[in-house]
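Asker: Following this line is start_0.cif, made up of mmCIF, C-alpha atoms:
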```
data_structure
#
loop_
_atom_site.label_atom_id
_atom_site.label_comp_id
_atom_site.auth_asym_id
_atom_site.auth_seq_id
_atom_site.Cartn_x
_atom_site.Cartn_y
_atom_site.Cartn_z
CA MET A 1 -29.74 67.98 -154.84
CA ARG A 2 -31.65 67.42 -158.04
CA ARG A 3 -31.13 64.06 -159.59
CA ILE A 4 -31.73 63.54 -163.25
CA SER A 5 -33.89 60.52 -163.95
CA LYS A 6 -32.53 57.92 -166.26
CA ASN A 7 -34.64 56.06 -168.81
CA VAL A 8 -34.01 52.36 -169.18
CA ASN A 9 -35.47 50.75 -172.30
CA VAL A 10 -36.82 47.23 -171.98
CA LYS A 11 -36.38 45.05 -175.05
CA MET A 12 -38.78 42.41 -176.36
CA GLY A 13 -38.74 39.27 -174.26
CA ASP A 14 -36.80 41.02 -171.52
CA TYR A 15 -37.46 42.80 -168.21
CA GLU A 16 -35.80 45.50 -166.11
CA ILE A 17 -36.11 46.52 -162.49
CA GLY A 18 -35.52 50.09 -161.39
CA GLN A 19 -35.60 52.22 -158.30
CA ASP A 20 -36.29 55.81 -157.25
CA ASN A 21 -35.66 58.27 -160.06
CA GLN A 22 -35.33 55.69 -162.78
CA VAL A 23 -37.92 55.44 -165.55
CA LEU A 24 -38.49 52.13 -167.32
CA THR A 25 -39.79 52.29 -170.88
CA ALA A 26 -41.18 49.95 -173.51
CA MET A 27 -41.33 51.63 -176.90
CA GLY A 28 -43.49 50.62 -179.83
CA LEU A 29 -45.60 47.95 -178.14
CA GLY A 30 -47.85 46.40 -180.77
CA SER A 31 -49.11 42.91 -179.99
CA CYS A 32 -46.53 42.58 -177.22
CA VAL A 33 -47.70 43.33 -173.68
CA GLY A 34 -45.90 45.57 -171.19
CA VAL A 35 -46.42 44.43 -167.59
CA CYS A 36 -45.68 47.09 -164.95
CA LEU A 37 -45.09 46.10 -161.32
CA TYR A 38 -44.78 48.74 -158.60
CA ASP A 39 -43.69 48.37 -154.99
CA GLN A 40 -44.65 51.59 -153.21
CA ASP A 41 -42.86 50.83 -149.92
CA ASN A 42 -39.50 50.48 -151.61
CA GLN A 43 -40.11 52.82 -154.55
CA ARG A 44 -39.12 50.01 -156.84
CA ALA A 45 -40.67 48.97 -160.13
CA GLY A 46 -40.31 46.25 -162.73
CA LEU A 47 -41.31 46.21 -166.36
CA ALA A 48 -41.58 43.07 -168.49
CA HIS A 49 -41.98 43.19 -172.30
CA VAL A 50 -43.95 40.02 -173.09
CA MET A 51 -43.71 38.63 -176.63
CA LEU A 52 -45.71 35.40 -176.62
CA PRO A 53 -48.27 33.58 -174.46
CA ALA A 54 -47.29 30.78 -172.09
CA GLU A 55 -46.86 27.44 -173.82
CA ASP A 56 -46.32 24.00 -172.34
CA GLY A 57 -42.73 22.86 -172.53
CA GLU A 58 -41.39 26.24 -173.66
CA GLU A 59 -38.65 27.52 -171.37
CA SER A 60 -37.67 30.66 -173.24
CA SER A 61 -38.16 34.16 -171.85
CA LYS A 62 -40.11 34.89 -175.03
CA HIS A 63 -43.08 33.35 -173.24
CA ALA A 64 -45.24 35.17 -170.66
CA ASP A 65 -44.97 32.56 -167.89
CA VAL A 66 -41.17 32.32 -168.00
CA LEU A 67 -40.57 36.06 -168.27
CA LEU A 68 -43.06 37.02 -165.54
CA ASP A 69 -41.65 34.31 -163.29
CA SER A 70 -38.23 35.94 -163.63
CA VAL A 71 -39.39 39.48 -162.91
CA PHE A 72 -41.53 38.46 -159.91
CA THR A 73 -38.68 36.38 -158.51
CA GLU A 74 -36.19 39.19 -158.85
CA MET A 75 -38.56 41.72 -157.28
CA LYS A 76 -38.96 39.31 -154.37
CA ASN A 77 -35.21 38.74 -154.06
CA LYS A 78 -34.71 42.48 -153.85
CA GLY A 79 -37.09 42.59 -150.89
CA SER A 80 -40.49 43.37 -152.39
CA HIS A 81 -43.59 41.60 -151.06
CA LEU A 82 -45.37 40.17 -154.06
CA SER A 83 -48.80 40.67 -152.48
CA ASP A 84 -48.16 44.43 -152.25
CA LEU A 85 -47.31 44.90 -155.90
CA GLU A 86 -49.48 47.16 -158.01
CA VAL A 87 -49.90 45.70 -161.51
CA LYS A 88 -50.73 47.60 -164.72
CA ILE A 89 -50.74 46.15 -168.23
CA TYR A 90 -50.54 47.74 -171.68
CA GLY A 91 -50.44 46.54 -175.29
CA GLY A 92 -51.77 43.45 -177.02
CA ALA A 93 -53.06 45.36 -180.05
CA SER A 94 -54.04 43.85 -183.40
CA MET A 95 -52.12 46.05 -185.76
CA PHE A 96 -53.31 44.78 -189.13
CA ASP A 97 -56.76 44.10 -190.54
CA ASN A 98 -56.07 40.43 -191.04
CA SER A 99 -54.09 39.90 -187.86
CA PHE A 100 -53.52 36.57 -186.24
CA ASP A 101 -54.84 36.76 -182.66
CA ILE A 102 -51.45 36.98 -180.92
CA GLY A 103 -52.29 40.27 -179.14
CA GLU A 104 -55.43 38.84 -177.55
CA ARG A 105 -53.65 35.62 -176.61
CA ASN A 106 -50.87 37.62 -174.97
CA ILE A 107 -53.34 39.63 -172.92
CA SER A 108 -55.18 36.58 -171.61
CA SER A 109 -51.96 34.71 -170.87
CA VAL A 110 -50.57 37.68 -168.92
CA LYS A 111 -53.84 38.01 -166.99
CA GLU A 112 -53.73 34.36 -166.08
CA GLU A 113 -50.17 34.70 -164.76
CA ILE A 114 -51.16 37.74 -162.68
CA SER A 115 -54.30 36.20 -161.18
CA SER A 116 -52.57 32.89 -160.45
CA ARG A 117 -50.37 34.90 -158.05
CA GLY A 118 -53.45 36.30 -156.32
CA LEU A 119 -52.87 39.78 -157.71
CA ASN A 120 -55.32 42.19 -159.32
CA ILE A 121 -54.76 44.44 -162.26
CA ALA A 122 -55.03 48.06 -161.11
CA LYS A 123 -55.05 49.62 -164.57
CA GLU A 124 -54.98 48.34 -168.11
CA ASP A 125 -55.05 49.74 -171.59
CA THR A 126 -55.01 46.74 -173.89
CA GLY A 127 -56.26 45.59 -177.27
CA GLY A 128 -57.36 47.92 -180.03
CA THR A 129 -55.47 48.67 -183.21
CA LYS A 130 -52.84 51.18 -182.09
CA GLY A 131 -49.27 50.87 -180.93
CA ARG A 132 -48.26 52.15 -177.52
CA ALA A 133 -45.19 53.49 -175.79
CA ILE A 134 -45.06 53.43 -171.99
CA TRP A 135 -42.92 55.11 -169.35
CA LEU A 136 -43.03 53.66 -165.81
CA ASN A 137 -41.85 55.95 -163.04
CA CYS A 138 -40.16 53.81 -160.37
CA LYS A 139 -40.63 56.43 -157.64
CA ASN A 140 -44.41 56.78 -157.75
CA GLY A 141 -45.55 53.96 -160.05
CA ASN A 142 -47.13 56.38 -162.51
CA VAL A 143 -47.29 55.19 -166.08
CA VAL A 144 -47.40 57.55 -169.05
CA VAL A 145 -48.96 55.92 -172.11
CA ARG A 146 -48.57 57.31 -175.58
CA LYS A 147 -50.66 56.07 -178.48
CA SER A 148 -49.87 57.23 -181.96
CA PHE A 149 -51.91 60.21 -183.14
CA THR A 150 -53.69 60.55 -179.78
CA GLY A 151 -51.18 62.05 -177.35
CA ASN A 152 -50.23 61.06 -173.81
CA ARG A 153 -52.26 59.79 -170.89
CA LYS A 154 -51.20 59.28 -167.29
CA ASP A 155 -52.24 56.19 -165.30
CA MET B 1 -29.11 24.96 -190.48
CA ASP B 2 -26.33 27.51 -190.28
CA ILE B 3 -25.69 29.80 -193.15
CA ASN B 4 -22.17 30.09 -194.53
CA ASP B 5 -20.51 32.97 -196.33
CA LYS B 6 -20.97 31.47 -199.78
CA GLN B 7 -24.67 31.03 -199.18
CA LYS B 8 -24.90 34.56 -197.85
CA ASP B 9 -23.20 35.91 -200.96
CA LYS B 10 -25.57 33.97 -203.18
CA LEU B 11 -28.59 35.22 -201.29
CA ARG B 12 -27.23 38.74 -201.40
CA GLU B 13 -26.82 38.42 -205.16
CA ILE B 14 -30.39 37.17 -205.58
CA GLY B 15 -31.66 39.87 -203.24
CA ASN B 16 -29.74 42.47 -205.14
CA ILE B 17 -31.25 41.40 -208.45
CA GLY B 18 -34.69 41.36 -206.86
CA ALA B 19 -34.20 44.78 -205.29
CA GLY B 20 -32.77 46.04 -208.61
CA ASN B 21 -35.87 44.83 -210.47
CA ALA B 22 -38.00 46.38 -207.76
CA SER B 23 -36.26 49.74 -207.95
CA ASN B 24 -36.60 49.77 -211.75
CA ALA B 25 -40.31 49.13 -211.39
CA LEU B 26 -40.54 51.90 -208.82
CA SER B 27 -38.56 54.29 -211.04
CA LYS B 28 -41.05 53.74 -213.84
CA MET B 29 -43.99 54.31 -211.54
CA THR B 30 -42.66 57.54 -210.10
CA ASP B 31 -40.60 58.89 -213.00
CA GLU B 32 -37.72 59.33 -210.59
CA LYS B 33 -34.32 57.73 -210.51
CA ILE B 34 -34.06 55.26 -207.65
CA ASP B 35 -30.76 53.78 -206.51
CA ILE B 36 -30.37 50.90 -204.16
CA GLY B 37 -27.86 50.78 -201.33
CA PHE B 38 -25.52 47.90 -200.58
CA PRO B 39 -27.76 45.14 -199.30
CA GLY B 40 -27.26 43.70 -195.84
CA ILE B 41 -27.91 40.03 -195.21
CA GLU B 42 -27.52 38.82 -191.65
CA VAL B 43 -29.04 36.46 -189.14
CA HIS B 44 -30.37 38.50 -186.22
CA GLU B 45 -32.06 37.78 -182.93
CA ILE B 46 -35.72 38.43 -183.68
CA ARG B 47 -35.99 40.78 -180.70
CA ASP B 48 -33.23 43.01 -182.13
CA ILE B 49 -34.71 43.41 -185.60
CA PRO B 50 -36.73 46.65 -185.15
CA GLU B 51 -33.59 48.44 -183.93
CA GLU B 52 -31.72 47.13 -186.98
CA ILE B 53 -34.16 49.01 -189.16
CA GLY B 54 -34.85 52.22 -187.28
CA ASN B 55 -36.14 53.86 -184.13
CA ARG B 56 -38.81 51.64 -182.53
CA SER B 57 -40.90 54.52 -181.26
CA LYS B 58 -40.92 56.65 -184.42
CA ILE B 59 -43.93 56.60 -186.75
CA HIS B 60 -43.40 54.55 -189.91
CA SER B 61 -45.61 53.15 -192.63
CA LEU B 62 -45.09 49.47 -193.26
CA VAL B 63 -46.37 47.56 -196.26
CA ARG B 64 -46.15 43.82 -195.74
CA VAL B 65 -46.65 40.93 -198.12
CA GLU B 66 -46.40 37.35 -196.92
CA VAL B 67 -44.81 34.83 -199.24
CA HIS B 68 -45.43 31.09 -199.16
CA VAL B 69 -43.82 28.19 -200.98
CA GLU B 70 -46.36 25.85 -202.50
CA ARG B 71 -45.18 22.27 -202.23
CA ASN B 72 -48.31 20.69 -203.56
CA GLU B 73 -52.04 21.32 -203.46
CA ASN B 74 -52.34 20.80 -199.73
CA GLU B 75 -49.03 21.98 -198.42
CA SER B 76 -47.67 25.47 -198.33
CA ILE B 77 -44.74 26.67 -196.26
CA TYR B 78 -44.33 30.21 -194.95
CA LEU B 79 -41.19 31.51 -196.66
CA GLY B 80 -41.18 34.93 -195.06
CA THR B 81 -42.49 38.45 -195.29
CA LEU B 82 -41.52 41.23 -197.65
CA MET B 83 -41.72 44.71 -196.20
CA LEU B 84 -41.47 48.21 -197.50
CA VAL B 85 -40.72 50.49 -194.54
CA LEU B 86 -40.97 54.26 -194.86
CA ASP B 87 -40.79 56.97 -192.27
CA ARG B 88 -43.76 59.30 -192.12
CA ARG B 89 -42.38 61.96 -194.44
CA SER B 90 -41.06 59.46 -196.98
CA ALA B 91 -44.41 57.66 -197.10
CA LYS B 92 -46.22 60.90 -197.96
CA ILE B 93 -43.69 61.90 -200.59
CA LEU B 94 -43.51 58.50 -202.28
CA ALA B 95 -47.31 58.24 -202.30
CA GLY B 96 -47.52 61.70 -203.85
CA HIS B 97 -45.18 60.64 -206.63
CA LEU B 98 -47.07 57.41 -207.22
CA LEU B 99 -50.33 59.30 -207.56
CA GLY B 100 -48.73 61.91 -209.79
CA ASP B 101 -49.51 64.72 -207.37
CA THR B 102 -46.30 66.16 -206.00
CA GLU B 103 -47.59 69.72 -205.63
CA ASN B 104 -49.86 69.26 -202.66
CA ILE B 105 -47.90 66.94 -200.39
CA ASP B 106 -48.54 67.81 -196.76
CA ILE B 107 -46.24 65.65 -194.70
CA GLU B 108 -48.06 66.53 -191.47
CA GLN B 109 -51.22 64.78 -192.65
CA GLN B 110 -51.91 61.08 -192.23
CA LEU B 111 -52.02 58.96 -195.37
CA THR B 112 -55.28 59.09 -197.29
CA GLU B 113 -56.98 55.92 -198.48
CA SER B 114 -55.77 56.44 -202.05
CA GLU B 115 -52.21 57.01 -200.81
CA GLU B 116 -52.43 53.80 -198.80
CA SER B 117 -53.69 51.93 -201.86
CA ALA B 118 -50.85 53.30 -203.96
CA LEU B 119 -48.29 52.13 -201.41
CA LYS B 120 -49.94 48.70 -201.13
CA GLU B 121 -49.85 48.38 -204.91
CA THR B 122 -46.16 49.23 -204.73
CA GLY B 123 -45.78 46.38 -202.25
CA ASN B 124 -47.39 44.09 -204.81
CA ILE B 125 -45.07 45.17 -207.59
CA LEU B 126 -41.95 44.96 -205.42
CA THR B 127 -42.94 41.48 -204.34
CA GLY B 128 -43.61 40.38 -207.90
CA SER B 129 -40.24 41.56 -209.15
CA THR B 130 -38.40 40.09 -206.17
CA LEU B 131 -40.05 36.70 -206.50
CA SER B 132 -39.36 36.51 -210.21
CA ALA B 133 -35.67 37.10 -209.46
CA MET B 134 -35.78 34.38 -206.81
CA THR B 135 -37.43 31.79 -209.03
CA GLU B 136 -34.70 32.21 -211.62
CA TRP B 137 -32.30 30.71 -209.09
CA VAL B 138 -34.38 28.35 -207.08
CA ASP B 139 -36.92 25.96 -208.46
CA LEU B 140 -39.76 26.68 -206.08
CA LYS B 141 -43.35 27.69 -206.57
CA LEU B 142 -43.71 30.99 -204.72
CA LYS B 143 -47.04 32.54 -203.93
CA GLU B 144 -47.53 36.08 -202.67
CA GLY B 145 -50.29 37.15 -200.33
CA VAL B 146 -52.42 40.29 -200.29
CA PRO B 147 -50.54 43.41 -199.22
CA ASP B 148 -51.38 45.16 -195.95
CA ILE B 149 -50.37 48.59 -194.76
CA LYS B 150 -50.20 50.13 -191.31
CA THR B 151 -48.82 53.42 -190.05
CA ASP B 152 -47.75 53.47 -186.41
CA MET B 153 -44.65 53.20 -184.23
CA LEU B 154 -42.05 51.04 -186.00
CA GLY B 155 -41.82 48.51 -183.15
CA ALA B 156 -45.59 48.17 -183.07
CA VAL B 157 -46.06 47.65 -186.80
CA MET B 158 -43.31 45.02 -186.86
CA ASP B 159 -44.57 43.11 -183.81
CA GLU B 160 -46.92 40.71 -185.54
CA ILE B 161 -44.45 39.77 -188.25
CA LEU B 162 -41.74 39.14 -185.67
CA LEU B 163 -43.96 37.33 -183.18
CA LYS B 164 -45.24 35.00 -185.88
CA MET B 165 -41.64 33.93 -186.47
CA ALA B 166 -40.69 34.02 -182.80
CA GLN B 167 -43.22 31.25 -182.12
CA HIS B 168 -40.88 28.81 -183.85
CA GLU B 169 -37.40 30.34 -183.66
CA ASP B 170 -35.20 32.90 -181.95
CA GLU B 171 -33.33 34.16 -184.97
CA ALA B 172 -34.35 35.21 -188.45
CA LEU B 173 -32.52 35.95 -191.66
CA LEU B 174 -32.90 39.61 -192.55
CA PHE B 175 -32.24 40.96 -196.02
CA GLN B 176 -32.42 44.73 -196.19
CA THR B 177 -31.46 47.44 -198.56
CA LYS B 178 -32.17 51.12 -198.75
CA PHE B 179 -33.96 52.71 -201.66
CA ASN B 180 -32.45 56.09 -202.35
CA PHE B 181 -35.28 58.05 -203.78
CA LYS B 182 -34.86 61.82 -203.92
CA LYS B 183 -32.85 63.49 -201.21
CA ASP B 184 -33.03 62.26 -197.63
CA LEU B 185 -35.88 59.87 -198.13
CA ASN B 186 -35.79 56.91 -195.83
CA SER B 187 -37.28 53.86 -197.42
CA TYR B 188 -36.19 50.31 -196.75
CA PHE B 189 -36.85 47.20 -198.70
CA ILE B 190 -36.76 44.18 -196.43
CA PHE B 191 -37.23 40.46 -196.72
CA LEU B 192 -37.40 38.49 -193.51
CA PHE B 193 -37.04 34.74 -194.02
CA SER B 194 -38.55 32.16 -191.69
CA ARG B 195 -36.25 29.29 -190.71
CA LYS B 196 -38.14 26.75 -192.81
CA GLY B 197 -38.20 29.14 -195.74
CA ARG B 198 -34.51 29.86 -195.45
CA ASN B 199 -33.66 26.17 -195.29
CA LEU B 200 -35.75 25.43 -198.37
CA ILE B 201 -33.97 28.14 -200.34
CA LEU B 202 -30.52 27.06 -199.15
CA GLU B 203 -31.24 23.45 -200.11
CA LYS B 204 -32.17 24.53 -203.62
CA LEU B 205 -29.17 26.82 -203.98
CA SER B 206 -26.68 24.04 -203.28
CA VAL B 207 -23.68 26.30 -202.89
#
```
Starting from the file, give its structure as structure tokens.

Answerer:
Amino acid sequence: MRRISKNVNVKMGDYEIGQDNQVLTAMGLGSCVGVCLYDQDNQRAGLAHVMLPAEDGEESSKHADVLLDSVFTEMKNKGSHLSDLEVKIYGGASMFDNSFDIGERNISSVKEEISSRGLNIAKEDTGGTKGRAIWLNCKNGNVVVRKSFTGNRKD
Amino acid sequence: MDINDKQKDKLREIGNIGAGNASNALSKMTDEKIDIGFPGIEVHEIRDIPEEIGNRSKIHSLVRVEVHVERNENESIYLGTLMLVLDRRSAKILAGHLLGDTENIDIEQQLTESEESALKETGNILTGSTLSAMTEWVDLKLKEGVPDIKTDMLGAVMDEILLKMAQHEDEALLFQTKFNFKKDLNSYFIFLFSRKGRNLILEKLSV
């Protein structure tokens, strides 16, 4: 039986977890960072759409530490081993000429959160001056990245 | 500070006058009649704002101008950002009209430097006419920044404006109206107020 995959869009400051034929997407990532987690054994994946870097005393899911804590915890609760997760990150661009450095700060905050859990980043396409859209396939962990005016790439 | 219906109406009225001035200026520049739609003024979750305006993943050109309130020599408060948002086709067509060259518009091509400059200049003029409408109602010294333009996915071009506000608040006051310019053109005139900026304006309005 052929099953039609279903795209689930992840909003800013939010995350989603999907399984099997589901595809998780983050559209129009500018300075935000999309963090993709993939658990091969269970064909499960999580995608977090990070808005802002971690900040002391901030408890909102807008911030990288709070949001990533939630997605890692839920992946674990569903039965994934955190040490087995494959991590890929995308986004953190500076869209305007006189940008404030929020994209760069997001990237380094996300990296800190990942490495503090003893995980490596398998693939990344971060920084630069272009927006990105990403599609994360929950079955095989593949990520399709689209940058404006440049076409698609598969990671 | 919450915003009540009376305040919303007042802000809508001011916005309407500002947008009206802006559309008149734009009509003169393009020699085309430009109508404005009924303006929306609502408080939205910052994370929902791109969807309020259009499709996050579609290519748009965004002209942004930051506006500050000058309190005194050393203190200025970020009031918000004015944006002109156009989908790809609309950006090309409007730029063509601004440059007086409507014969050779190729909507498949990216904007040229002179088209970008023309749209940025439009951002300047729209901001000027909006701020002069605002200062008629509120006694504040408003200062506009230098316009920027970027063409990319709508969500991506709005990110920095939204994240700047999201650092201090979860919601923002969004004023938006559509410029109806020729048939089927999608151009939006938007003013996004920061919380501090909104509170300053509401204090001065005293309604």

Asker: Evaluate the PyMOL selection byres ((chain A and resi 86-97) around 7) on the structure here and hand back the selected residues as a count of residues only.

Answerer: 34

Asker: Can you sort out the box for region 139-154 of chain B, edges along x, y and z, all listed atoms in, 8 Å on every side, with centre and edge lengths in Å to one decimal, as lines of an AutoDock Vina configuration file?

Answerer:
```
center_x = -44.7
center_y = 39.7
center_z = -196.3
size_x = 31.5
size_y = 43.5
size_z = 40.2
```

Asker: Write out as a ChimeraX atom specification which residues come within 9 Å of region 70-73 of chain B when counting all atoms listed in the file, dropping same-chain ones fewer than 6 positions away.

Answerer: /B:140-143

Asker: Give me, as a PyMOL selection string, the residues of chain B touching chain A, with the criterion being at most 12 Å (counting only C-alpha atoms).

Answerer: chain B and resi 45-51+54-66+108-110+145-170

Asker: Do you know which residues are at most 8 Å from Leu98 (chain B) counting all atoms listed in the file, after dropping those on the same chain fewer than 2 positions away, and could you put them as a ChimeraX atom specification?

Answerer: /B:29-30,94-96,100-101,118-119

Asker: Just give me the gap between CA of Gln176 (chain B) and CA of Ile190 (chain B) in Å, one decimal is fine.

Answerer: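 So the answer is 4.4 Å.
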
Asker: Which distance in Å separates CA of Ser108 (chain A) and CA of Glu58 (chain A), to one decimal?

Answerer: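 Between CA of Ser108 (chain A) and CA of Glu58 (chain A) the gap works out to 17.4 Å.
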
Asker: Scan for residues within 10 Å of the point (-36.5, 39.6, -210.7) in the coordinates of the file, using only C-alpha atoms, and reply as an MDAnalysis selection string.

Answerer: chainID B and resid 14:22 126:137

Asker: Restricted to C-alpha atoms, what would the selected residues look like written as a short mmCIF file (atom, residue, chain, number, x, y, z; two decimals), in the coordinates of the input?

Answerer:
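Result file is part.cif:
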```cif
data_model
loop_
_atom_site.label_atom_id
_atom_site.label_comp_id
_atom_site.auth_asym_id
_atom_site.auth_seq_id
_atom_site.Cartn_x
_atom_site.Cartn_y
_atom_site.Cartn_z
CA ILE B 14 -30.39 37.17 -205.58
CA GLY B 15 -31.66 39.87 -203.24
CA ASN B 16 -29.74 42.47 -205.14
CA ILE B 17 -31.25 41.40 -208.45
CA GLY B 18 -34.69 41.36 -206.86
CA ALA B 19 -34.20 44.78 -205.29
CA GLY B 20 -32.77 46.04 -208.61
CA ASN B 21 -35.87 44.83 -210.47
CA ALA B 22 -38.00 46.38 -207.76
CA LEU B 126 -41.95 44.96 -205.42
CA THR B 127 -42.94 41.48 -204.34
CA GLY B 128 -43.61 40.38 -207.90
CA SER B 129 -40.24 41.56 -209.15
CA THR B 130 -38.40 40.09 -206.17
CA LEU B 131 -40.05 36.70 -206.50
CA SER B 132 -39.36 36.51 -210.21
CA ALA B 133 -35.67 37.10 -209.46
CA MET B 134 -35.78 34.38 -206.81
CA THR B 135 -37.43 31.79 -209.03
CA GLU B 136 -34.70 32.21 -211.62
CA TRP B 137 -32.30 30.71 -209.09
#
```

Asker: For a test of reading the model, state the distance in Å between CA of Ser194 (chain B) and CA of Glu144 (chain B), rounded to one decimal.

Answerer: 14.7 Å

Asker: Output the residue selection produced by the PyMOL selection byres ((chain A and resi 77-83) around 12) on the file above, formatted as a PyMOL selection string.

Answerer: chain A and resi 17-19+37-46+69-76+84-87+114-120

Asker: Which residues are close to Glu203 (chain B), i.e. within 12 Å by all atoms listed in the file, leaving aside same-chain residues fewer than 3 positions away? Reply as a list in words.

Answerer: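 Near Glu203 (chain B), the qualifying residues are Met1, Asp2, Ile3, Gln7, Trp137, Val138, Asp139, Leu140, Lys196, Gly197, Arg198, Asn199, Leu200, Ser206 and Val207 of chain B.
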
Asker: Translate the PyMOL selection byres ((chain B and resi 186) around 7), as applied to the file shown, into an explicit residue set as a list in words.

Answerer: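 For this structure, the PyMOL selection byres ((chain B and resi 186) around 7) captures Leu86, Asp87, Ser90, Asp184, Leu185, Ser187 and Tyr188 of chain B.
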
Asker: Near Arg12 (chain B), within 8 Å and counting only C-alpha atoms, which residues show up once chain neighbours fewer than 3 positions away are dropped, as a list in words?

Answerer: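 Within the cut-off, the hits are Lys8, Asp9, Gly15, Asn16, Pro39, Gly40, Ile41 and Phe175 of chain B.
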
Asker: Can you spit out the residues from that selection as an mmCIF file, keeping the file's coordinate frame, using C-alpha atoms?

Answerer:
```
data_model
loop_
_atom_site.group_PDB
_atom_site.id
_atom_site.type_symbol
_atom_site.label_atom_id
_atom_site.label_comp_id
_atom_site.auth_asym_id
_atom_site.auth_seq_id
_atom_site.Cartn_x
_atom_site.Cartn_y
_atom_site.Cartn_z
ATOM 1 C CA LYS B 8 -24.900 34.560 -197.850
ATOM 2 C CA ASP B 9 -23.200 35.910 -200.960
ATOM 3 C CA GLY B 15 -31.660 39.870 -203.240
ATOM 4 C CA ASN B 16 -29.740 42.470 -205.140
ATOM 5 C CA PRO B 39 -27.760 45.140 -199.300
ATOM 6 C CA GLY B 40 -27.260 43.700 -195.840
ATOM 7 C CA ILE B 41 -27.910 40.030 -195.210
ATOM 8 C CA PHE B 175 -32.240 40.960 -196.020
#
```

Asker: Which residue is closest to Ser117 (chain B)? Choose from B:Lys178, B:Leu99, B:Phe189, B:Glu75 and count all atoms listed in the file.

Answerer: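 Smallest separation from Ser117 (chain B) among the options: B:Leu99.
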